[in-house]
file data_39.txt (compact mmCIF, C-alpha atoms)
# COMPACT_ATOMS: atom_id res chain seq x y z
CA MET A 1 161.09 -73.95 67.35
CA THR A 2 160.48 -71.23 64.81
CA SER A 3 157.82 -68.58 65.05
CA SER A 4 155.63 -66.88 62.51
CA LEU A 5 157.22 -63.62 63.61
CA PRO A 6 160.68 -63.09 62.16
CA GLY A 7 163.46 -63.04 64.71
CA VAL A 8 161.33 -64.35 67.58
CA ASN A 9 162.92 -67.18 69.50
CA LEU A 10 160.14 -69.03 71.30
CA SER A 11 162.47 -70.74 73.72
CA ASN A 12 163.71 -67.40 74.98
CA LEU A 13 160.50 -65.42 75.50
CA ALA A 14 161.20 -65.24 79.21
CA SER A 15 164.44 -63.41 78.67
CA SER A 16 167.03 -64.29 81.24
CA SER A 17 169.31 -61.72 79.66
CA VAL A 18 168.03 -58.52 81.28
CA PRO A 19 171.13 -56.34 80.97
CA SER A 20 173.06 -55.33 84.04
CA LEU A 21 173.23 -51.56 83.68
CA GLN A 22 174.69 -48.80 85.79
CA GLU A 23 173.94 -45.12 85.89
CA PHE A 24 176.91 -42.76 86.19
CA VAL A 25 175.75 -39.44 87.62
CA LEU A 26 176.99 -35.97 88.54
CA GLN A 27 174.59 -33.52 90.13
CA GLY A 28 174.53 -29.80 90.78
CA SER A 29 172.11 -26.94 91.11
CA VAL A 30 171.66 -23.55 89.55
CA VAL A 31 169.53 -20.65 90.78
CA ASP A 32 166.61 -19.71 88.54
CA SER A 33 168.19 -16.36 87.61
CA ALA A 34 171.30 -18.09 86.16
CA CYS A 35 169.35 -20.79 84.34
CA ASP A 36 169.17 -18.99 80.98
CA ALA A 37 172.94 -18.57 80.88
CA LEU A 38 173.39 -22.27 81.58
CA LEU A 39 170.89 -23.18 78.87
CA HIS A 40 172.86 -21.09 76.37
CA ARG A 41 176.12 -22.72 77.43
CA LEU A 42 174.64 -26.21 77.10
CA ARG A 43 173.10 -25.43 73.74
CA ALA A 44 176.53 -24.51 72.46
CA LEU A 45 178.28 -27.51 74.01
CA CYS A 46 175.78 -30.27 73.25
CA ASP A 47 174.60 -32.05 70.10
CA ASN A 48 171.99 -30.57 67.76
CA VAL A 49 173.19 -26.98 68.23
CA ASP A 50 170.78 -25.79 65.54
CA ARG A 51 167.67 -27.02 67.34
CA ALA A 52 165.87 -25.73 70.39
CA PRO A 53 166.50 -27.93 73.44
CA GLU A 54 164.00 -30.68 74.11
CA THR A 55 161.62 -29.94 76.97
CA PHE A 56 159.89 -32.36 79.33
CA GLN A 57 157.16 -32.25 81.93
CA ASP A 58 156.96 -35.43 84.00
CA HIS A 59 154.96 -36.58 87.01
CA GLU A 60 157.00 -38.89 89.23
CA MET A 61 155.63 -41.08 92.03
CA VAL A 62 158.12 -42.73 94.38
CA TYR A 63 157.00 -46.04 95.89
CA LEU A 64 158.56 -48.01 98.76
CA LEU A 65 158.30 -51.68 99.65
CA ARG A 66 159.40 -52.10 103.27
CA THR A 67 160.41 -55.11 105.27
CA SER A 68 159.18 -55.61 108.81
CA GLY A 69 162.82 -55.98 109.91
CA PRO A 70 165.82 -53.66 109.66
CA GLY A 71 166.48 -54.17 105.92
CA ASN A 72 166.44 -51.33 103.41
CA PRO A 73 163.17 -50.75 101.57
CA VAL A 74 163.06 -51.23 97.80
CA VAL A 75 162.41 -47.95 95.99
CA LEU A 76 160.70 -47.86 92.59
CA ARG A 77 159.98 -44.70 90.63
CA ALA A 78 156.91 -44.51 88.41
CA ARG A 79 157.06 -41.66 85.93
CA HIS A 80 154.91 -40.49 83.08
CA ALA A 81 155.19 -37.65 80.62
CA ARG A 82 152.42 -35.06 80.90
CA ASP A 83 153.33 -33.46 77.58
CA GLN A 84 153.76 -36.52 75.33
CA HIS A 85 150.74 -38.44 74.17
CA ASN A 86 152.09 -40.61 71.39
CA MET A 87 153.68 -43.97 71.76
CA PRO A 88 156.86 -44.37 69.75
CA TRP A 89 156.46 -48.12 69.47
CA ASN A 90 155.83 -50.46 66.63
CA TYR A 91 152.27 -51.75 67.03
CA SER A 92 152.95 -55.18 65.60
CA TYR A 93 155.56 -56.00 68.21
CA PHE A 94 154.03 -54.24 71.19
CA CYS A 95 150.39 -54.65 72.00
CA PHE A 96 149.62 -51.04 72.87
CA ASP A 97 147.13 -48.87 71.11
CA LEU A 98 148.90 -46.00 69.37
CA ASN A 99 145.81 -43.82 69.56
CA ALA A 100 145.29 -44.11 73.30
CA PRO A 101 146.05 -40.83 75.09
CA SER A 102 149.01 -40.61 77.44
CA PHE A 103 149.15 -44.07 78.92
CA PHE A 104 152.84 -44.71 78.69
CA ARG A 105 154.45 -45.14 82.10
CA GLN A 106 158.04 -45.65 83.05
CA LEU A 107 159.11 -47.78 85.98
CA ARG A 108 162.65 -47.18 87.19
CA TYR A 109 164.80 -48.97 89.71
CA LEU A 110 167.78 -47.04 91.05
CA GLY A 111 170.09 -48.90 93.43
CA GLN A 112 172.07 -47.44 96.31
CA SER A 113 175.17 -45.49 95.30
CA ASP A 114 178.13 -47.83 95.00
CA ILE A 115 180.64 -46.51 97.56
CA SER A 116 183.06 -49.44 97.37
CA ASP A 117 185.54 -47.43 95.28
CA LYS A 118 186.12 -43.98 96.78
CA SER A 119 188.44 -42.96 93.93
CA ARG A 120 185.50 -42.90 91.48
CA LEU A 121 184.92 -39.48 89.98
CA VAL A 122 181.15 -39.84 89.68
CA THR A 123 178.25 -41.50 91.53
CA VAL A 124 177.59 -45.02 90.26
CA ARG A 125 174.37 -46.91 90.94
CA SER A 126 172.58 -49.86 89.41
CA TYR A 127 169.81 -48.89 87.03
CA LEU A 128 166.89 -50.60 85.37
CA ASP A 129 164.23 -48.93 83.29
CA CYS A 130 160.98 -50.50 82.14
CA SER A 131 158.17 -49.16 79.94
CA THR A 132 154.73 -50.11 81.19
CA SER A 133 151.01 -49.57 80.69
CA GLU A 134 148.95 -47.02 82.59
CA GLN A 135 147.92 -49.40 85.40
CA LEU A 136 151.35 -49.03 87.04
CA PRO A 137 150.24 -47.20 90.26
CA GLN A 138 147.43 -49.69 90.95
CA PHE A 139 149.73 -52.62 90.20
CA LEU A 140 152.49 -51.40 92.54
CA THR A 141 149.96 -50.84 95.33
CA ASP A 142 148.54 -54.32 94.78
CA ILE A 143 151.93 -56.02 95.17
CA GLY A 144 152.59 -54.21 98.45
CA PHE A 145 154.29 -50.92 97.53
CA ARG A 146 153.17 -47.70 99.22
CA LEU A 147 153.40 -44.22 97.72
CA ASP A 148 156.11 -42.30 99.60
CA HIS A 149 156.09 -38.98 97.75
CA GLU A 150 155.36 -37.49 94.35
CA PHE A 151 156.39 -34.41 92.41
CA VAL A 152 156.28 -32.80 89.00
CA ALA A 153 159.55 -32.22 87.14
CA LYS A 154 159.67 -29.66 84.33
CA GLY A 155 162.79 -28.88 82.39
CA HIS A 156 165.13 -29.16 79.43
CA MET A 157 167.11 -32.08 78.15
CA PHE A 158 170.29 -32.09 76.07
CA ARG A 159 172.42 -34.87 74.65
CA LYS A 160 176.16 -34.97 74.23
CA GLY A 161 177.01 -38.31 72.67
CA LYS A 162 175.77 -40.90 75.11
CA MET A 163 175.56 -38.38 77.94
CA LYS A 164 172.20 -36.92 78.97
CA VAL A 165 172.09 -33.48 80.55
CA THR A 166 168.91 -32.34 82.28
CA ILE A 167 167.98 -29.09 83.97
CA THR A 168 164.92 -29.73 86.10
CA LYS A 169 162.62 -27.54 88.14
CA ILE A 170 160.95 -29.62 90.84
CA PHE A 171 157.39 -28.74 91.88
CA LYS A 172 155.42 -29.82 94.94
CA ILE A 173 151.90 -31.08 94.33
CA LEU A 174 149.71 -29.03 96.68
CA THR A 175 146.62 -31.26 96.45
CA PRO A 176 147.14 -34.98 95.79
CA GLY A 177 145.72 -35.86 92.40
CA ASN A 178 145.62 -32.29 91.11
CA LEU A 179 148.62 -31.77 88.85
CA GLU A 180 147.60 -28.21 87.99
CA ALA A 181 148.09 -26.75 91.50
CA LEU A 182 151.87 -26.79 91.81
CA GLU A 183 154.40 -24.87 93.86
CA PRO A 184 158.14 -24.70 93.15
CA LEU A 185 160.14 -26.63 95.74
CA SER A 186 162.98 -24.06 95.74
CA ILE A 187 164.40 -21.14 93.81
CA SER A 188 166.94 -23.45 92.16
CA GLN A 189 166.96 -26.06 89.44
CA LEU A 190 168.56 -29.48 89.53
CA VAL A 191 171.29 -30.11 86.96
CA GLU A 192 172.18 -33.72 86.20
CA LEU A 193 174.72 -35.32 83.89
CA SER A 194 174.13 -39.03 83.42
CA ILE A 195 175.24 -41.94 81.29
CA ILE A 196 173.69 -45.40 81.30
CA ALA A 197 176.23 -48.08 80.51
CA PRO A 198 176.81 -51.78 81.14
CA SER A 199 178.36 -52.63 84.49
CA GLY A 200 182.13 -52.37 84.55
CA THR A 201 182.48 -49.83 81.72
CA ASP A 202 185.67 -47.77 82.26
CA GLY A 203 186.55 -44.20 81.41
CA ILE A 204 183.07 -42.74 81.76
CA GLY A 205 183.84 -40.78 84.93
CA GLU A 206 186.75 -38.95 83.26
CA ASP A 207 184.61 -37.93 80.26
CA MET A 208 181.83 -36.66 82.51
CA ARG A 209 184.22 -34.72 84.72
CA ALA A 210 185.81 -33.10 81.65
CA PHE A 211 182.36 -32.01 80.44
CA ALA A 212 181.36 -30.76 83.91
CA GLU A 213 184.49 -28.56 83.99
CA GLN A 214 183.13 -26.68 80.98
CA LEU A 215 180.02 -25.71 82.94
CA ARG A 216 182.01 -23.88 85.63
CA PRO A 217 181.52 -21.38 87.14
CA LEU A 218 177.81 -21.41 86.30
CA VAL A 219 177.31 -24.71 88.04
CA SER A 220 179.54 -26.97 90.06
CA MET A 221 178.81 -30.62 89.42
CA GLU A 222 179.43 -33.01 92.30
CA LYS A 223 179.42 -36.68 93.10
CA ILE A 224 176.59 -37.10 95.66
CA MET B 1 144.58 -58.75 67.64
CA GLY B 2 140.92 -59.62 67.92
CA VAL B 3 138.49 -61.47 70.17
CA THR B 4 140.04 -64.65 71.53
CA CYS B 5 138.65 -67.71 73.23
CA VAL B 6 140.96 -70.14 75.05
CA CYS B 7 139.52 -73.48 76.07
CA GLN B 8 140.70 -76.80 77.39
CA TRP B 9 140.42 -79.80 75.09
CA PRO B 10 139.76 -83.07 76.92
CA VAL B 11 142.16 -85.97 76.52
CA THR B 12 140.17 -89.22 76.59
CA GLU B 13 141.35 -92.58 77.94
CA SER B 14 141.77 -94.02 74.46
CA ARG B 15 144.28 -91.41 73.22
CA THR B 16 147.52 -89.80 74.38
CA VAL B 17 147.97 -86.02 74.38
CA GLN B 18 150.05 -86.24 71.21
CA GLN B 19 147.44 -88.37 69.40
CA THR B 20 144.68 -85.97 70.44
CA VAL B 21 146.70 -83.00 69.10
CA GLU B 22 147.19 -84.83 65.79
CA MET B 23 143.46 -85.54 65.58
CA LEU B 24 142.64 -81.87 66.24
CA THR B 25 145.25 -80.73 63.73
CA ARG B 26 143.71 -82.94 61.04
CA ARG B 27 140.25 -81.53 61.74
CA ILE B 28 141.55 -77.96 61.47
CA GLU B 29 143.48 -78.66 58.26
CA VAL B 30 140.45 -80.34 56.68
CA LEU B 31 138.67 -76.98 57.05
CA GLY B 32 141.41 -75.44 54.91
CA ALA B 33 143.55 -73.85 57.64
CA VAL B 34 147.22 -73.29 56.86
CA LYS B 35 150.08 -73.85 59.31
CA THR B 36 151.84 -70.57 59.99
CA GLY B 37 154.55 -71.55 62.43
CA ASN B 38 154.61 -72.19 66.13
CA PHE B 39 153.53 -70.32 69.22
CA CYS B 40 154.27 -70.31 72.91
CA VAL B 41 152.58 -68.82 75.97
CA ASP B 42 154.45 -69.15 79.25
CA CYS B 43 153.92 -68.21 82.87
CA GLU B 44 156.30 -67.95 85.78
CA THR B 45 154.93 -67.35 89.28
CA TYR B 46 156.53 -65.27 92.02
CA GLN B 47 155.43 -65.60 95.62
CA SER B 48 155.72 -63.00 98.38
CA SER B 49 158.20 -63.98 101.04
CA VAL B 50 157.79 -61.34 103.73
CA PRO B 51 155.09 -61.04 106.38
CA THR B 52 154.44 -57.33 105.74
CA ILE B 53 152.47 -58.30 102.67
CA ASN B 54 149.14 -59.74 103.75
CA SER B 55 148.95 -63.51 103.38
CA THR B 56 150.74 -64.95 100.34
CA LYS B 57 150.71 -62.74 97.31
CA LEU B 58 151.26 -64.27 93.89
CA VAL B 59 152.54 -62.37 90.86
CA HIS B 60 152.43 -64.19 87.52
CA LEU B 61 154.81 -63.03 84.75
CA MET B 62 153.57 -64.21 81.36
CA HIS B 63 154.77 -64.03 77.75
CA ASN B 64 153.04 -64.65 74.44
CA SER B 65 154.87 -65.17 71.16
CA GLU B 66 152.26 -62.95 69.45
CA GLN B 67 153.70 -60.03 71.47
CA PRO B 68 157.29 -61.20 71.91
CA LEU B 69 158.73 -58.03 73.44
CA THR B 70 155.96 -57.71 76.00
CA CYS B 71 155.77 -59.09 79.51
CA PHE B 72 152.31 -59.42 81.10
CA SER B 73 152.15 -59.36 84.86
CA ILE B 74 148.95 -60.47 86.61
CA THR B 75 148.45 -60.80 90.37
CA ASP B 76 146.19 -63.26 92.16
CA THR B 77 143.74 -60.42 92.84
CA GLY B 78 143.46 -59.57 89.14
CA ALA B 79 145.62 -56.43 89.01
CA PHE B 80 147.71 -56.42 85.85
CA LEU B 81 150.51 -54.58 84.12
CA VAL B 82 151.70 -54.72 80.52
CA ALA B 83 155.39 -53.92 80.26
CA ASP B 84 158.54 -54.58 78.29
CA ASN B 85 160.75 -57.51 79.19
CA HIS B 86 162.80 -55.48 81.68
CA LEU B 87 159.98 -56.10 84.16
CA GLU B 88 161.62 -59.46 84.86
CA GLY B 89 164.77 -57.60 85.88
CA ILE B 90 162.71 -55.42 88.23
CA MET B 91 161.16 -58.56 89.78
CA GLN B 92 164.68 -59.91 90.33
CA LYS B 93 165.49 -56.70 92.24
CA LEU B 94 162.61 -57.57 94.59
CA LYS B 95 164.15 -60.94 95.45
CA GLY B 96 163.98 -60.22 99.19
CA PHE B 97 160.22 -59.78 98.83
CA TYR B 98 159.18 -61.97 95.91
CA THR B 99 160.83 -65.25 94.95
CA PRO B 100 160.06 -67.49 91.95
CA ARG B 101 158.02 -70.54 92.92
CA LYS B 102 160.05 -73.64 92.30
CA SER B 103 158.87 -75.76 89.35
CA ALA B 104 155.92 -73.43 88.76
CA ARG B 105 156.79 -72.54 85.17
CA VAL B 106 153.85 -73.43 82.95
CA GLU B 107 153.73 -73.18 79.18
CA SER B 108 151.42 -73.93 76.29
CA LYS B 109 153.36 -74.64 73.13
CA GLY B 110 152.28 -75.85 69.72
CA GLN B 111 151.29 -74.99 66.17
CA ARG B 112 149.55 -71.93 64.86
CA PHE B 113 147.04 -72.04 61.98
CA GLU B 114 145.37 -69.37 59.90
CA LEU B 115 142.05 -69.70 58.13
CA GLY B 116 140.86 -66.44 56.62
CA ASP B 117 140.19 -64.08 59.51
CA PHE B 118 140.60 -66.81 62.12
CA LEU B 119 143.69 -67.88 64.02
CA VAL B 120 143.76 -71.27 65.72
CA LYS B 121 146.49 -72.41 68.12
CA VAL B 122 146.70 -75.90 69.52
CA GLY B 123 149.06 -76.02 72.49
CA ILE B 124 150.33 -78.80 74.72
CA VAL B 125 150.40 -77.56 78.31
CA SER B 126 153.33 -78.58 80.46
CA ILE B 127 154.36 -77.77 84.00
CA GLY B 128 158.11 -78.27 84.20
CA PRO B 129 158.79 -81.59 82.43
CA HIS B 130 155.23 -82.91 82.96
CA THR B 131 152.63 -82.77 80.19
CA LYS B 132 149.28 -81.71 81.59
CA GLY B 133 146.83 -81.38 78.71
CA ILE B 134 145.75 -79.37 75.69
CA LEU B 135 144.59 -75.77 75.29
CA VAL B 136 143.01 -74.50 72.07
CA GLU B 137 143.01 -70.77 71.33
CA VAL B 138 140.72 -69.41 68.62
CA GLU B 139 140.83 -65.77 67.56
CA TYR B 140 138.63 -63.77 65.23
CA THR B 141 141.11 -61.10 64.19
CA PRO B 142 139.02 -58.28 62.62
CA CYS B 143 136.88 -57.52 65.69
CA ILE B 144 137.63 -56.41 69.25
CA ILE B 145 134.06 -56.28 70.64
CA VAL B 146 132.92 -59.65 72.01
CA SER B 147 129.17 -59.12 71.55
CA ASP B 148 129.70 -58.27 67.86
CA CYS B 149 131.42 -61.52 66.95
CA TRP B 150 130.84 -64.18 69.61
CA ASN B 151 128.19 -65.98 67.53
CA LEU B 152 130.50 -66.10 64.53
CA LEU B 153 133.44 -67.27 66.66
CA SER B 154 131.20 -69.88 68.27
CA GLU B 155 130.01 -71.19 64.92
CA PHE B 156 133.59 -71.45 63.67
CA MET B 157 134.69 -73.30 66.79
CA GLN B 158 131.81 -75.72 66.45
CA SER B 159 133.00 -76.65 62.96
CA PHE B 160 135.99 -78.51 64.41
CA MET B 161 135.11 -78.87 68.11
CA GLY B 162 131.65 -80.37 67.67
CA ASN B 163 130.03 -81.01 71.04
CA GLN B 164 133.12 -79.76 72.91
CA LEU B 165 132.16 -76.17 72.11
CA PRO B 166 133.09 -73.96 75.12
CA SER B 167 130.82 -71.38 76.71
CA MET B 168 131.96 -67.77 76.83
CA PRO B 169 135.06 -67.39 79.07
CA THR B 170 134.40 -65.46 82.31
CA THR B 171 137.02 -62.86 81.33
CA LEU B 172 134.97 -61.99 78.24
CA LEU B 173 131.58 -62.23 79.99
CA ALA B 174 132.54 -59.25 82.13
CA LYS B 175 133.32 -56.98 79.17
CA GLN B 176 131.17 -58.00 76.26
CA ASP B 177 130.73 -54.47 74.91
CA LEU B 178 134.22 -53.15 75.68
CA PRO B 179 137.26 -53.54 73.45
CA VAL B 180 139.33 -56.60 74.29
CA THR B 181 143.10 -56.39 74.68
CA PRO B 182 145.90 -58.99 74.70
CA VAL B 183 145.65 -59.01 78.52
CA ASP B 184 142.22 -60.65 78.25
CA THR B 185 143.80 -63.54 76.35
CA MET B 186 146.51 -63.88 78.99
CA MET B 187 143.87 -63.86 81.76
CA GLN B 188 142.18 -66.81 80.06
CA TYR B 189 145.46 -68.71 79.78
CA LEU B 190 146.23 -67.98 83.44
CA GLU B 191 142.87 -69.33 84.57
CA HIS B 192 143.50 -72.58 82.66
CA PHE B 193 147.10 -72.82 83.88
CA ASN B 194 145.85 -72.51 87.47
CA ASN B 195 143.29 -75.26 86.83
CA PHE B 196 146.02 -77.52 85.43
CA LYS B 197 148.15 -76.85 88.52
CA LYS B 198 145.27 -77.82 90.82
CA GLY B 199 144.06 -80.76 88.74
CA PRO B 200 145.39 -84.33 88.36
CA GLY B 201 148.51 -85.01 86.26
CA GLY B 202 148.23 -85.47 82.51
CA ARG B 203 149.40 -88.37 80.48
call {"tool": "encode", "arguments": {"input": "data_39.txt", "output": "C-alpha cells"}}
result
Amino acid sequence: MTSSLPGVNLSNLASSSVPSLQEFVLQGSVVDSACDALLHRLRALCDNVDRAPETFQDHEMVYLLRTSGPGNPVVLRARHARDQHNMPWNYSYFCFDLNAPSFFRQLRYLGQSDISDKSRLVTVRSYLDCSTSEQLPQFLTDIGFRLDHEFVAKGHMFRKGKMKVTITKIFKILTPGNLEALEPLSISQLVELSIIAPSGTDGIGEDMRAFAEQLRPLVSMEKI
Amino acid sequence: MGVTCVCQWPVTESRTVQQTVEMLTRRIEVLGAVKTGNFCVDCETYQSSVPTINSTKLVHLMHNSEQPLTCFSITDTGAFLVADNHLEGIMQKLKGFYTPRKSARVESKGQRFELGDFLVKVGIVSIGPHTKGILVEVEYTPCIIVSDCWNLLSEFMQSFMGNQLPSMPTTLLAKQDLPVTPVDTMMQYLEHFNNFKKGPGGR
C-alpha cells in the first residue's frame, strides 16, 4: 500500500524495529570551586571551541512500577527542559503545536548495569529514549507507576564526536510542585561522559577512557 | 489537521463489505473528490498482568498514517500520551507488567479522498484476519473548533451519507469550544474499535 505522505509505509506504522541501544557511561564528580577549571578544560577539548558551552536546566521525575513479589521494579525517568520552549520538530510529520509553551517531555528507560563482562572499561546499560507530550506524569500514574523522587538538574553540556559530556548540579525540590524553591544536594557537581550506540558496538570503552585521562587530575572518571 | 468525525457505516444484508465500500467510493467521487492515496489507523492493546495494578488495566497503542512518526497511547480510563514510536520499545520493557493481548490488533485501512477543504477516508475494519465493518472519517481541515464548523461538516457528510448522517461524537461533544487535536480523532477510532470487538462478526 502506498500513502499520500512520501516515504510512509502503511504496513509498518507499528514499528517492530525499535533499535536496541546501549548507553556507555563514565561518571565522576568535581567540587564547585574546581568547576570553572574543568569547564575551561572541556571547552578546549570538545567540539565547537569557538562557542560558549550549551547550558541546560531540566526537571526530572523518577517513577517506579513495582511487583508484589521479589522482582525488580521498572524505573522510568520523565524529564523536561525548563529553559527550552520550542519544539524542534517538523509539524507535518509530528502532530504537536509548535507554538505551545514547554510541553515537550522525555521518557527514558535505563536498564541495570551489565556486569556480565568485568573487563569492560565503562558502565554499559540498555537505553531507550522517547519524546512525549506534556501528559506524561498523569499517564505514568494511570498505568500504575508511582513517583519515587524528583530533582532539578542544571548544568553544561559539551560534545566530542558522538560523546556527550555533562557537568550537572543537582538540586533538591524543597516543596513538591514548586520548582523555584531549590537547594543544592551537595557542594559537588556530577560529571558524566556518555555515548549511545547500538548493542554490541566495540571500541567505545577505550575511546572514552582515553578522553577521561585528559580530564585528570581535575576529575577522576569511574565505572560505577 | 482540522475537526474530524469518525462514524460507522452499516453493511446491509444485500451487500458485502467490499461492495458497500465501492458504493460509498462512487458516491464520494461523484461529488468531485479525488483519490489521494491510502491510509491506515491501527491499534494494539496491552493488558496488565500483575495484581499490584487494580483490576485489569488496558493500554492501547495506536498509529495513524496522517502522523506516521507518532504513537498515540490511550488507557481504558481515558488518560493519553502522544509520543514518538520508541514508546513501543518502552512498552516492551514493561513486559513483566503489560503484555500484548493476543489477536487484539485492530486496523482500519482504505482509501483517502480530498475534496476542497474536506478529507474523506473510507476504511475496512479488521481484527486479525477477520473483516468487521466499515468506518468513514470526514475532516474539515481549516478549522479546529467544533462549534464553528460542525454544521458545515454535517451538511457535507449528508451529501453522500444521506439518512446515515451521524450525530456529534461524544469525544467532540465534551469540547465543542476547545481546539481539537489528533488525539480526539484517535479517541473516536478507539471507541469504534471497542464496539467492533464487542459486537458480532462482520462478513
call {"tool": "residues_around", "arguments": {"input": "data_39.txt", "residues": "region 85-93 of chain B", "least_positions_apart": "3", "cutoff": "12 Å", "atoms": "all atoms listed in the file", "output": "MDAnalysis selection string"}}
result
(chainID A and resid 12:21 65 73:77 94 106:111 126:133 136 140 143) or (chainID B and resid 43:48 59:64 67:73 81:82 96:100)
call {"tool": "atom_distance", "arguments": {"input": "data_39.txt", "atom1": "CA of Ser116 (chain A)", "atom2": "CA of Gly200 (chain A)"}}
result
13.2 Å
call {"tool": "closest_residue", "arguments": {"input": "data_39.txt", "among": "B:Gly2, B:Pro179, B:Gly110, B:Pro169", "to": "Ile134 (chain B)", "atoms": "all atoms listed in the file"}}
result
B:Gly110
call {"tool": "residues_around", "arguments": {"input": "data_39.txt", "residues": "Met208 (chain A)", "least_positions_apart": "4", "cutoff": "10 Å", "atoms": "all atoms listed in the file", "output": "mmCIF file with C-alpha atoms, keeping the file's coordinate frame"}}
result
data_model
loop_
_atom_site.group_PDB
_atom_site.id
_atom_site.type_symbol
_atom_site.label_atom_id
_atom_site.label_comp_id
_atom_site.auth_asym_id
_atom_site.auth_seq_id
_atom_site.Cartn_x
_atom_site.Cartn_y
_atom_site.Cartn_z
ATOM 1 C CA PHE A 24 176.910 -42.760 86.190
ATOM 2 C CA VAL A 25 175.750 -39.440 87.620
ATOM 3 C CA LEU A 26 176.990 -35.970 88.540
ATOM 4 C CA LEU A 121 184.920 -39.480 89.980
ATOM 5 C CA VAL A 122 181.150 -39.840 89.680
ATOM 6 C CA MET A 163 175.560 -38.380 77.940
ATOM 7 C CA LEU A 193 174.720 -35.320 83.890
ATOM 8 C CA SER A 194 174.130 -39.030 83.420
ATOM 9 C CA ILE A 195 175.240 -41.940 81.290
ATOM 10 C CA GLY A 203 186.550 -44.200 81.410
ATOM 11 C CA ILE A 204 183.070 -42.740 81.760
ATOM 12 C CA ALA A 212 181.360 -30.760 83.910
ATOM 13 C CA GLU A 213 184.490 -28.560 83.990
ATOM 14 C CA MET A 221 178.810 -30.620 89.420
#
call {"tool": "closest_residue", "arguments": {"input": "data_39.txt", "among": "B:Asp184, B:Glu155, B:Glu66, B:Glu139", "to": "chain A", "atoms": "all atoms listed in the file"}}
result
B:Glu66
call {"tool": "atom_distance", "arguments": {"input": "data_39.txt", "atom1": "CA of Ala33 (chain B)", "atom2": "CA of Ser159 (chain B)"}}
result
12.1 Å
call {"tool": "residues_near_point", "arguments": {"input": "data_39.txt", "point": "(145.5, -71.0, 83.1)", "cutoff": "10 Å", "atoms": "all atoms listed in the file", "output": "VMD selection string"}}
result
chain B and resid 6 to 8 42 to 43 106 to 108 125 135 186 to 197
call {"tool": "residues_around", "arguments": {"input": "data_39.txt", "residues": "Leu147 (chain A)", "least_positions_apart": "5", "cutoff": "8 Å", "atoms": "only C-alpha atoms", "output": "list in words"}}
result
Met61, Val62, Tyr63, Leu64 and Thr141 of chain A
call {"tool": "atom_distance", "arguments": {"input": "data_39.txt", "atom1": "CA of Gly123 (chain B)", "atom2": "CA of Thr171 (chain B)"}}
result
19.9 Å
call {"tool": "closest_residue", "arguments": {"input": "data_39.txt", "among": "B:Val3, B:Ile127, B:Met23, B:Ala83", "to": "Gly199 (chain B)", "atoms": "only C-alpha atoms"}}
result
B:Ile127
call {"tool": "closest_residue", "arguments": {"input": "data_39.txt", "among": "A:Asp207, A:Asp202, A:Asp117, A:Glu180", "to": "Arg82 (chain A)", "atoms": "all atoms listed in the file"}}
result
A:Glu180
